[in-house]
file coords.txt (compact mmCIF, C-alpha atoms)
# COMPACT_ATOMS: atom_id res chain seq x y z
CA LEU A 1 -5.47 -14.66 -3.43
CA TYR A 2 -4.95 -17.06 -0.55
CA TYR A 3 -8.26 -18.73 -1.35
CA LEU A 4 -6.86 -19.81 -4.72
CA ARG A 5 -4.91 -23.02 -5.21
CA LEU A 6 -2.01 -21.54 -7.21
CA ALA A 7 0.56 -24.16 -6.19
CA SER A 8 0.55 -27.73 -4.94
CA ILE A 9 1.96 -26.63 -1.57
CA GLN A 10 1.14 -23.18 -0.14
CA CYS A 11 2.50 -21.63 3.04
CA THR A 12 2.03 -18.46 5.01
CA SER A 13 3.74 -16.88 7.99
CA TRP A 14 3.17 -14.18 10.54
CA GLY A 15 3.09 -10.92 8.61
CA SER A 16 -0.35 -10.86 10.22
CA PRO A 17 0.23 -13.27 13.11
CA MET A 18 -2.86 -15.44 12.98
CA THR A 19 -4.27 -18.23 10.86
CA SER A 20 -5.41 -17.43 7.34
CA GLY A 21 -8.41 -19.69 7.87
CA SER A 22 -8.11 -20.69 4.21
CA PRO A 23 -8.38 -24.36 3.14
CA THR A 24 -5.88 -23.68 0.33
CA ILE A 25 -3.04 -22.70 2.72
CA ASP A 26 -1.27 -25.87 3.86
CA TYR A 27 1.35 -24.72 6.37
CA PHE A 28 1.85 -21.84 8.81
CA LEU A 29 5.52 -21.08 9.51
CA SER A 30 5.88 -19.82 13.06
CA SER A 31 8.35 -19.42 15.94
CA ASP A 32 8.88 -22.23 18.41
CA LEU A 33 9.62 -19.73 21.19
CA MET A 34 6.39 -17.83 20.61
CA GLU A 35 3.96 -20.70 20.19
CA PRO A 36 2.19 -22.23 23.21
CA ILE A 37 2.26 -25.99 23.64
CA ASN A 38 -1.24 -26.28 22.15
CA GLY A 39 -0.45 -23.87 19.29
CA GLN A 40 -1.75 -26.16 16.55
CA LYS A 41 -5.36 -25.69 17.67
CA HIS A 42 -5.16 -22.02 16.68
CA TYR A 43 -4.51 -22.76 12.99
CA SER A 44 -6.42 -24.24 10.09
CA GLU A 45 -2.99 -24.82 8.49
CA LYS A 46 -0.46 -27.38 9.73
CA LEU A 47 1.74 -25.49 12.18
CA ILE A 48 5.50 -25.58 11.52
CA ARG A 49 7.45 -24.47 14.60
CA LEU A 50 10.72 -23.08 13.29
CA PRO A 51 13.62 -22.87 15.78
CA ASN A 52 14.02 -19.78 17.97
CA LEU A 53 12.30 -16.72 16.46
CA GLY A 54 11.83 -18.46 13.12
CA PHE A 55 13.33 -15.68 11.01
CA SER A 56 16.58 -13.81 10.48
CA ILE A 57 17.00 -10.08 11.06
CA SER A 58 19.98 -7.73 11.21
CA HIS A 59 20.77 -5.46 14.14
CA PRO A 60 19.73 -1.90 13.22
CA ASP A 61 22.30 0.86 12.94
CA LEU A 62 21.78 2.93 16.05
CA PRO A 63 21.97 6.74 15.95
CA THR A 64 25.30 8.28 16.85
CA ASP A 65 23.60 11.50 18.01
CA ASP A 66 22.42 11.20 21.61
CA GLY A 67 19.50 13.54 20.99
CA GLN A 68 17.47 15.48 23.53
CA ARG A 69 14.23 14.57 25.22
CA SER A 70 12.94 18.02 24.39
CA ASP A 71 13.09 17.02 20.70
CA PHE A 72 10.15 14.71 21.47
CA GLN A 73 8.22 17.00 23.87
CA LEU A 74 9.43 14.92 26.83
CA LYS A 75 10.39 16.08 30.31
CA ASP A 76 14.00 15.67 31.40
CA ASP A 77 13.01 14.50 34.89
CA ALA A 78 10.24 12.10 33.78
CA ILE A 79 10.28 8.32 33.64
CA ILE A 80 9.52 7.72 29.98
CA TYR A 81 7.31 4.73 29.21
CA LEU A 82 7.41 4.08 25.47
CA CYS A 83 4.03 2.81 24.19
CA SER A 84 4.71 2.69 20.47
CA GLN A 85 2.32 0.03 19.20
CA CYS A 86 -0.34 0.73 16.60
CA LEU A 87 -3.25 2.28 18.52
CA LEU A 88 -5.57 -0.48 17.30
CA LYS A 89 -3.68 -2.87 19.62
CA TYR A 90 -4.71 -0.94 22.74
CA LEU A 91 -7.96 -2.45 23.97
CA PRO A 92 -10.33 -0.45 26.24
CA GLN A 93 -10.21 -3.01 29.06
CA HIS A 94 -6.51 -2.27 29.50
CA ASP A 95 -6.71 1.54 29.52
CA TYR A 96 -6.59 1.54 33.33
CA ILE A 97 -3.02 0.20 33.23
CA PHE A 98 -1.61 3.66 32.45
CA PRO A 99 -3.23 5.70 35.25
CA SER A 100 -2.52 2.82 37.64
CA ILE A 101 1.19 3.19 36.88
CA ALA A 102 0.97 6.99 37.07
CA GLN A 103 -0.73 6.80 40.45
CA SER A 104 2.31 4.99 41.88
CA ASN A 105 4.89 6.94 39.88
CA GLN A 106 3.97 10.60 39.56
CA LEU A 107 6.94 11.18 37.23
CA SER A 108 5.48 8.86 34.58
CA GLN A 109 5.23 10.06 31.00
CA PHE A 110 3.64 7.75 28.43
CA VAL A 111 4.62 8.21 24.78
CA PHE A 112 2.16 7.13 22.07
CA PHE A 113 2.09 7.68 18.32
CA ASP A 114 -0.80 9.07 16.30
CA SER A 115 -2.53 6.36 14.29
CA PHE A 116 -1.25 6.07 10.73
CA LEU A 117 -4.86 5.20 9.80
CA GLY A 118 -6.10 8.69 10.57
CA PRO A 119 -7.21 11.07 13.33
CA VAL A 120 -10.50 9.31 14.13
CA ILE A 121 -8.67 6.41 15.80
CA THR A 122 -6.25 8.72 17.61
CA ASP A 123 -9.04 10.98 18.87
CA SER A 124 -11.06 8.00 20.07
CA PHE A 125 -8.11 6.63 22.02
CA ILE A 126 -7.33 10.04 23.55
CA LYS A 127 -10.95 10.36 24.66
CA ARG A 128 -10.77 6.95 26.33
CA LEU A 129 -7.55 7.84 28.12
CA GLY A 130 -9.03 11.13 29.29
CA GLN A 131 -12.00 9.36 30.83
CA THR A 132 -9.93 6.61 32.43
CA PHE A 133 -7.32 8.95 33.93
CA ALA A 134 -10.16 11.12 35.27
CA GLU A 135 -11.58 8.09 37.09
CA PHE A 136 -8.25 7.91 38.93
CA GLY A 137 -8.39 11.62 39.70
CA LEU A 138 -5.63 12.37 37.19
CA ASP A 139 -5.34 14.58 34.11
CA TYR A 140 -4.11 12.49 31.18
CA GLN A 141 -2.47 15.55 29.58
CA GLN A 142 0.01 15.68 32.46
CA TYR A 143 1.17 12.14 31.67
CA CYS A 144 0.53 11.32 28.00
CA VAL A 145 2.33 12.56 24.89
CA PHE A 146 1.23 11.81 21.33
CA LEU A 147 3.83 12.06 18.58
CA ARG A 148 3.46 12.05 14.83
CA GLN A 149 5.00 9.20 12.86
CA ILE A 150 8.78 9.72 12.66
CA GLU A 151 11.63 8.35 10.56
CA PRO A 152 13.36 5.13 11.71
CA GLN A 153 16.55 6.75 13.05
CA LYS A 154 14.51 9.23 15.09
CA TYR A 155 12.42 6.37 16.41
CA LEU A 156 15.52 4.46 17.52
CA GLN A 157 16.79 7.63 19.17
CA LEU A 158 13.52 7.80 21.12
CA ASN A 159 14.10 4.21 22.29
CA LEU A 160 17.55 5.22 23.52
CA LEU A 161 16.08 8.16 25.46
CA ALA A 162 13.18 6.19 27.00
CA ASP A 163 13.30 4.26 30.29
CA VAL A 164 10.78 1.44 29.82
CA PHE A 165 8.97 -0.20 26.88
CA LEU A 166 5.37 -1.16 27.69
CA ASP A 167 4.16 -4.01 25.50
CA THR A 168 0.51 -4.40 24.52
CA PHE A 169 -1.77 -7.16 25.75
CA SER A 170 -3.41 -9.62 23.33
CA PHE A 171 -1.28 -8.47 20.35
CA SER A 172 2.30 -7.82 21.35
CA GLY A 173 5.14 -6.00 19.66
CA GLY A 174 7.20 -7.56 16.86
CA LEU A 175 9.73 -5.31 15.18
CA THR A 176 9.10 -2.65 17.82
CA THR A 177 10.20 -5.11 20.49
CA LEU A 178 13.34 -5.96 18.53
CA ASP A 179 14.08 -2.23 18.25
CA ALA A 180 13.72 -1.89 22.02
CA ILE A 181 16.07 -4.83 22.53
CA ALA A 182 18.61 -3.29 20.15
CA CYS A 183 18.55 -0.14 22.30
CA GLY A 184 18.77 -1.98 25.62
CA LEU A 185 15.31 -0.76 26.66
CA PRO A 186 13.64 -2.86 29.42
CA ILE A 187 10.40 -4.46 28.19
CA VAL A 188 7.32 -5.30 30.26
CA THR A 189 5.17 -7.96 28.61
CA CYS A 190 2.33 -10.28 29.59
CA PRO A 191 2.05 -13.25 27.18
CA GLY A 192 -1.41 -14.34 26.11
CA GLU A 193 -2.92 -17.54 24.82
CA ILE A 194 -2.06 -17.26 21.12
CA MET A 195 1.15 -16.51 19.24
CA ARG A 196 0.34 -12.90 18.36
CA ALA A 197 0.24 -12.18 22.11
CA ARG A 198 3.55 -13.96 22.71
CA GLN A 199 6.03 -12.35 20.32
CA SER A 200 7.81 -10.19 22.90
CA TYR A 201 7.71 -13.13 25.30
CA GLY A 202 9.57 -15.31 22.78
CA MET A 203 12.17 -12.61 22.11
CA LEU A 204 12.88 -12.09 25.80
CA GLN A 205 13.09 -15.85 26.32
CA MET A 206 15.66 -16.06 23.54
CA ILE A 207 17.96 -13.48 25.14
CA GLY A 208 17.37 -14.84 28.64
CA VAL A 209 15.84 -11.67 30.09
CA THR A 210 12.74 -13.03 31.77
CA GLU A 211 12.57 -10.80 34.85
CA THR A 212 10.05 -8.46 33.21
CA ILE A 213 7.76 -11.17 31.79
CA VAL A 214 4.59 -11.22 33.90
CA GLU A 215 1.49 -13.40 34.19
CA THR A 216 -1.19 -10.95 35.34
CA GLU A 217 -2.21 -7.34 34.79
CA ALA A 218 -1.52 -6.56 38.46
CA GLU A 219 2.01 -7.90 38.11
CA TYR A 220 2.44 -5.90 34.90
CA ILE A 221 1.66 -2.67 36.78
CA GLU A 222 3.93 -3.68 39.66
CA ILE A 223 6.93 -4.41 37.39
CA ALA A 224 6.37 -1.26 35.32
CA VAL A 225 6.32 0.87 38.48
CA ARG A 226 9.38 -0.90 39.90
CA LEU A 227 11.35 -0.33 36.71
CA GLY A 228 10.40 3.32 36.82
CA LEU A 229 11.28 3.93 40.46
CA ASN A 230 14.27 1.62 40.88
CA GLN A 231 16.96 3.04 38.62
CA GLU A 232 19.56 0.50 39.75
CA TRP A 233 17.35 -2.47 38.81
CA ARG A 234 16.31 -0.82 35.55
CA GLN A 235 19.96 -0.36 34.61
CA LYS A 236 20.70 -3.97 35.53
CA ILE A 237 17.97 -5.19 33.16
CA SER A 238 19.20 -2.84 30.43
CA ASP A 239 22.78 -4.07 30.80
CA LYS A 240 21.62 -7.69 30.60
CA ILE A 241 19.67 -6.98 27.39
CA ILE A 242 22.70 -5.30 25.81
CA THR A 243 24.98 -8.20 26.79
CA ASN A 244 22.63 -10.92 25.52
CA LYS A 245 21.00 -9.24 22.52
CA PRO A 246 23.44 -10.53 19.84
CA VAL A 247 21.71 -13.95 19.86
CA SER A 248 18.57 -12.30 18.45
CA TYR A 249 20.28 -11.15 15.26

call {"tool": "encode", "arguments": {"input": "coords.txt", "output": "C-alpha cells"}}
result
Amino acid sequence: LYYLRLASIQCTSWGSPMTSGSPTIDYFLSSDLMEPINGQKHYSEKLIRLPNLGFSISHPDLPTDDGQRSDFQLKDDAIIYLCSQCLLKYLPQHDYIFPSIAQSNQLSQFVFFDSFLGPVITDSFIKRLGQTFAEFGLDYQQYCVFLRQIEPQKYLQLNLLADVFLDTFSFSGGLTTLDAIACGLPIVTCPGEIMRARQSYGMLQMIGVTETIVETEAEYIEIAVRLGLNQEWRQKISDKIITNKPVSY
C-alpha cells in the first residue's frame, strides 16, 4: 500500500523503525532524542524530528503481587539479566557477550523468550549459544533460561524480579525498554549509527540516566558485570530511574 499515492501528503513513523524506501511516502516522523545528527541520510522520506521521544504513552499498571523467581524457573541467588527482545534481533557476532559476562559473574542467569515466529528460530539461537558458551568452557544450560510468551502483567512482574536489562545491539528495545524503565530496571545499551539502534539510548537520555549507556562492546560487558556484582550501584541506578521516569510518560 505504501507504494500507492492515496493522498497528497503521506507520512510514516517507526512501527518498523527504518525508512520505507518508497517514493510515495513524503515524511518520516521520528524522535529527536533517538536520531543521530546525520539522521536524514538514512531516509528516502523527509525526516521530521519530533521533540523528545516523539510519541505519548501511559505508564503501565504494575503488578501488586511481588511474585516468585521460581515462577519463571529462576534461581533465587542468581543475578538475573533480562534479554527479552525478539530473537531475530540477536546477531551471531554478539553471542559472545553472554558468556563473557558469565565468565566474570558466575551467578549470571540470562532470560530469553521463545520466538513467537516458531521453534526453528529458537532452536537455531539455542544452538548458537551452546557453541559460543562452549568456546568459553561454559555450559549454556547453567546460565540461560528460555520462557514461553507470557501475558503482559506476568512480563512486568518478571521485570520487577530481574536485576539488569540487557539491550540488543543494532536494533534496540522500544516498548520493552519502556517497560524496564517503568519497573526501575537498570538498562545496558550501546547506541548504533541509525535510529533503530538508538531507541533505548534516547529513552535513557530523556530520564537523565546515562551511566549505563556505553560506546563499545567491551564497555557493555564491563557495565553489565559491574551492575551484577555491585548491588549498591545497581540500586542507585534503579532508584534514579524510578525518580526520573515520570518524564517519559

call {"tool": "residues_around", "arguments": {"input": "coords.txt", "residues": "Ser200 in chain A", "least_positions_apart": "5", "cutoff": "8 Å", "atoms": "all atoms listed in the file", "output": "ChimeraX atom specification"}}
result
/A:167,172-174,177,189,191

call {"tool": "closest_residue", "arguments": {"input": "coords.txt", "among": "A:Gln141, A:Asn244, A:Thr64, A:Asn159", "to": "Tyr81 in chain A", "atoms": "all atoms listed in the file"}}
result
A:Asn159

call {"tool": "residues_around", "arguments": {"input": "coords.txt", "residues": "Phe146 in chain A", "least_positions_apart": "6", "cutoff": "8 Å", "atoms": "only C-alpha atoms", "output": "MDAnalysis selection string"}}
result
chainID A and resid 111:114

call {"tool": "residues_near_point", "arguments": {"input": "coords.txt", "point": "(-2.8, -17.1, 7.6)", "cutoff": "12 Å", "atoms": "all atoms listed in the file", "output": "ChimeraX atom specification"}}
result
/A:1-3,10-30,42-47,196

call {"tool": "closest_residue", "arguments": {"input": "coords.txt", "among": "A:Ser108, A:Thr210, A:Gln131, A:Thr216", "to": "Ile237 in chain A", "atoms": "all atoms listed in the file"}}
result
A:Thr210

call {"tool": "closest_residue", "arguments": {"input": "coords.txt", "among": "A:Thr122, A:Thr132, A:Ser100, A:Gln106", "to": "Ala218 in chain A", "atoms": "all atoms listed in the file"}}
result
A:Ser100

call {"tool": "atom_distance", "arguments": {"input": "coords.txt", "atom1": "CA of Ile9 in chain A", "atom2": "CA of Met34 in chain A"}}
result
24.3 Å

call {"tool": "closest_residue", "arguments": {"input": "coords.txt", "among": "A:Ser70, A:Ser248, A:Gln153, A:Gln40", "to": "Ile181 in chain A", "atoms": "all atoms listed in the file"}}
result
A:Ser248

call {"tool": "closest_residue", "arguments": {"input": "coords.txt", "among": "A:Leu82, A:Leu160, A:Val214, A:Ala102", "to": "Tyr140 in chain A", "atoms": "all atoms listed in the file"}}
result
A:Ala102

call {"tool": "closest_residue", "arguments": {"input": "coords.txt", "among": "A:Ala162, A:Ala182, A:Ile121, A:Leu147", "to": "Lys89 in chain A", "atoms": "all atoms listed in the file"}}
result
A:Ile121

call {"tool": "atom_distance", "arguments": {"input": "coords.txt", "atom1": "CA of Leu33 in chain A", "atom2": "CA of Lys245 in chain A"}}
result
15.5 Å

call {"tool": "atom_distance", "arguments": {"input": "coords.txt", "atom1": "CA of Arg128 in chain A", "atom2": "CA of Leu87 in chain A"}}
result
11.8 Å

call {"tool": "residues_around", "arguments": {"input": "coords.txt", "residues": "Ile97 in chain A", "least_positions_apart": "4", "cutoff": "10 Å", "atoms": "all atoms listed in the file", "output": "mmCIF file with C-alpha atoms, in the coordinates of the input"}}
result
data_model
loop_
_atom_site.group_PDB
_atom_site.id
_atom_site.type_symbol
_atom_site.label_atom_id
_atom_site.label_comp_id
_atom_site.auth_asym_id
_atom_site.auth_seq_id
_atom_site.Cartn_x
_atom_site.Cartn_y
_atom_site.Cartn_z
ATOM 1 C CA GLN A 93 -10.210 -3.010 29.060
ATOM 2 C CA ILE A 101 1.190 3.190 36.880
ATOM 3 C CA ALA A 102 0.970 6.990 37.070
ATOM 4 C CA THR A 132 -9.930 6.610 32.430
ATOM 5 C CA PHE A 133 -7.320 8.950 33.930
ATOM 6 C CA GLU A 217 -2.210 -7.340 34.790
ATOM 7 C CA ALA A 218 -1.520 -6.560 38.460
ATOM 8 C CA TYR A 220 2.440 -5.900 34.900
ATOM 9 C CA ILE A 221 1.660 -2.670 36.780
ATOM 10 C CA ALA A 224 6.370 -1.260 35.320
#

call {"tool": "residues_around", "arguments": {"input": "coords.txt", "residues": "Phe55 in chain A", "least_positions_apart": "2", "cutoff": "10 Å", "atoms": "only C-alpha atoms", "output": "ChimeraX atom specification"}}
result
/A:29-31,50-53,57,248-249

call {"tool": "residues_around", "arguments": {"input": "coords.txt", "residues": "Gln68 in chain A", "least_positions_apart": "4", "cutoff": "12 Å", "atoms": "all atoms listed in the file", "output": "number ranges by chain"}}
result
A: 72-76, 154, 157-162

call {"tool": "decode", "arguments": {"input": "coords.txt", "residues": "range 27-61 of chain A", "atoms": "N, CA and C atoms", "output": "JSON list (two decimals), in the first residue's frame"}}
result
[["chain", "number", "residue", "atom", "x", "y", "z"],
["A", 27, "TYR", "N", 7.09, 11.97, 4.39],
["A", 27, "TYR", "CA", 7.72, 12.33, 5.66],
["A", 27, "TYR", "C", 7.85, 11.11, 6.57],
["A", 28, "PHE", "N", 8.95, 11.09, 7.34],
["A", 28, "PHE", "CA", 9.13, 10.07, 8.38],
["A", 28, "PHE", "C", 9.14, 10.80, 9.72],
["A", 29, "LEU", "N", 8.17, 10.46, 10.59],
["A", 29, "LEU", "CA", 8.05, 11.10, 11.89],
["A", 29, "LEU", "C", 8.87, 10.30, 12.90],
["A", 30, "SER", "N", 9.88, 10.94, 13.48],
["A", 30, "SER", "CA", 10.81, 10.24, 14.34],
["A", 30, "SER", "C", 11.02, 11.00, 15.65],
["A", 31, "SER", "N", 11.94, 10.51, 16.46],
["A", 31, "SER", "CA", 12.24, 11.10, 17.77],
["A", 31, "SER", "C", 13.55, 11.86, 17.70],
["A", 32, "ASP", "N", 13.53, 13.08, 18.16],
["A", 32, "ASP", "CA", 14.74, 13.90, 18.15],
["A", 32, "ASP", "C", 15.83, 13.30, 19.03],
["A", 33, "LEU", "N", 15.44, 12.68, 20.15],
["A", 33, "LEU", "CA", 16.42, 12.10, 21.06],
["A", 33, "LEU", "C", 17.07, 10.84, 20.51],
["A", 34, "MET", "N", 16.39, 10.18, 19.60],
["A", 34, "MET", "CA", 16.91, 8.91, 19.07],
["A", 34, "MET", "C", 17.71, 9.09, 17.78],
["A", 35, "GLU", "N", 17.45, 10.14, 17.05],
["A", 35, "GLU", "CA", 18.11, 10.34, 15.76],
["A", 35, "GLU", "C", 19.52, 10.89, 15.92],
["A", 36, "PRO", "N", 20.47, 10.36, 15.16],
["A", 36, "PRO", "CA", 21.82, 10.97, 15.14],
["A", 36, "PRO", "C", 21.77, 12.29, 14.39],
["A", 37, "ILE", "N", 22.83, 13.04, 14.48],
["A", 37, "ILE", "CA", 22.89, 14.35, 13.82],
["A", 37, "ILE", "C", 22.67, 14.22, 12.32],
["A", 38, "ASN", "N", 23.21, 13.17, 11.72],
["A", 38, "ASN", "CA", 23.10, 12.97, 10.27],
["A", 38, "ASN", "C", 21.93, 12.06, 9.92],
["A", 39, "GLY", "N", 20.89, 12.04, 10.75],
["A", 39, "GLY", "CA", 19.78, 11.11, 10.57],
["A", 39, "GLY", "C", 19.10, 11.17, 9.22],
["A", 40, "GLN", "N", 19.04, 12.33, 8.60],
["A", 40, "GLN", "CA", 18.32, 12.47, 7.33],
["A", 40, "GLN", "C", 18.87, 11.54, 6.25],
["A", 41, "LYS", "N", 20.17, 11.25, 6.30],
["A", 41, "LYS", "CA", 20.76, 10.43, 5.23],
["A", 41, "LYS", "C", 20.27, 8.99, 5.26],
["A", 42, "HIS", "N", 19.59, 8.60, 6.34],
["A", 42, "HIS", "CA", 19.09, 7.24, 6.45],
["A", 42, "HIS", "C", 17.67, 7.06, 5.92],
["A", 43, "TYR", "N", 17.10, 8.13, 5.38],
["A", 43, "TYR", "CA", 15.69, 8.09, 4.95],
["A", 43, "TYR", "C", 15.52, 8.59, 3.53],
["A", 44, "SER", "N", 14.62, 7.91, 2.80],
["A", 44, "SER", "CA", 14.21, 8.44, 1.50],
["A", 44, "SER", "C", 13.16, 9.53, 1.71],
["A", 45, "GLU", "N", 12.44, 9.47, 2.85],
["A", 45, "GLU", "CA", 11.45, 10.49, 3.20],
["A", 45, "GLU", "C", 12.17, 11.72, 3.79],
["A", 46, "LYS", "N", 11.44, 12.83, 3.93],
["A", 46, "LYS", "CA", 11.97, 13.97, 4.68],
["A", 46, "LYS", "C", 11.80, 13.64, 6.16],
["A", 47, "LEU", "N", 12.88, 13.71, 6.91],
["A", 47, "LEU", "CA", 12.85, 13.35, 8.33],
["A", 47, "LEU", "C", 12.28, 14.50, 9.17],
["A", 48, "ILE", "N", 11.27, 14.19, 9.98],
["A", 48, "ILE", "CA", 10.70, 15.14, 10.92],
["A", 48, "ILE", "C", 11.09, 14.68, 12.32],
["A", 49, "ARG", "N", 11.90, 15.49, 13.01],
["A", 49, "ARG", "CA", 12.40, 15.13, 14.34],
["A", 49, "ARG", "C", 11.47, 15.73, 15.39],
["A", 50, "LEU", "N", 10.52, 14.91, 15.85],
["A", 50, "LEU", "CA", 9.59, 15.36, 16.87],
["A", 50, "LEU", "C", 10.30, 15.47, 18.22],
["A", 51, "PRO", "N", 9.85, 16.37, 19.09],
["A", 51, "PRO", "CA", 10.53, 16.57, 20.38],
["A", 51, "PRO", "C", 10.54, 15.31, 21.23],
["A", 52, "ASN", "N", 11.59, 15.16, 22.04],
["A", 52, "ASN", "CA", 11.72, 14.07, 23.00],
["A", 52, "ASN", "C", 11.58, 12.71, 22.31],
["A", 53, "LEU", "N", 10.68, 11.84, 22.83],
["A", 53, "LEU", "CA", 10.52, 10.52, 22.23],
["A", 53, "LEU", "C", 9.65, 10.55, 20.98],
["A", 54, "GLY", "N", 8.90, 11.62, 20.80],
["A", 54, "GLY", "CA", 8.10, 11.76, 19.59],
["A", 54, "GLY", "C", 6.74, 11.10, 19.66],
["A", 55, "PHE", "N", 6.37, 10.55, 20.81],
["A", 55, "PHE", "CA", 5.06, 9.92, 20.96],
["A", 55, "PHE", "C", 4.66, 9.97, 22.43],
["A", 56, "SER", "N", 3.39, 9.73, 22.67],
["A", 56, "SER", "CA", 2.86, 9.74, 24.03],
["A", 56, "SER", "C", 2.49, 8.32, 24.44],
["A", 57, "ILE", "N", 2.83, 7.96, 25.69],
["A", 57, "ILE", "CA", 2.49, 6.63, 26.19],
["A", 57, "ILE", "C", 2.19, 6.73, 27.68],
["A", 58, "SER", "N", 1.28, 5.92, 28.15],
["A", 58, "SER", "CA", 0.92, 5.91, 29.57],
["A", 58, "SER", "C", 1.79, 4.93, 30.35],
["A", 59, "HIS", "N", 2.02, 5.25, 31.61],
["A", 59, "HIS", "CA", 2.75, 4.34, 32.49],
["A", 59, "HIS", "C", 1.91, 3.09, 32.69],
["A", 60, "PRO", "N", 2.49, 1.90, 32.55],
["A", 60, "PRO", "CA", 1.70, 0.67, 32.74],
["A", 60, "PRO", "C", 1.32, 0.47, 34.20],
["A", 61, "ASP", "N", 0.22, -0.22, 34.42],
["A", 61, "ASP", "CA", -0.16, -0.60, 35.77],
["A", 61, "ASP", "C", 0.70, -1.77, 36.21]]
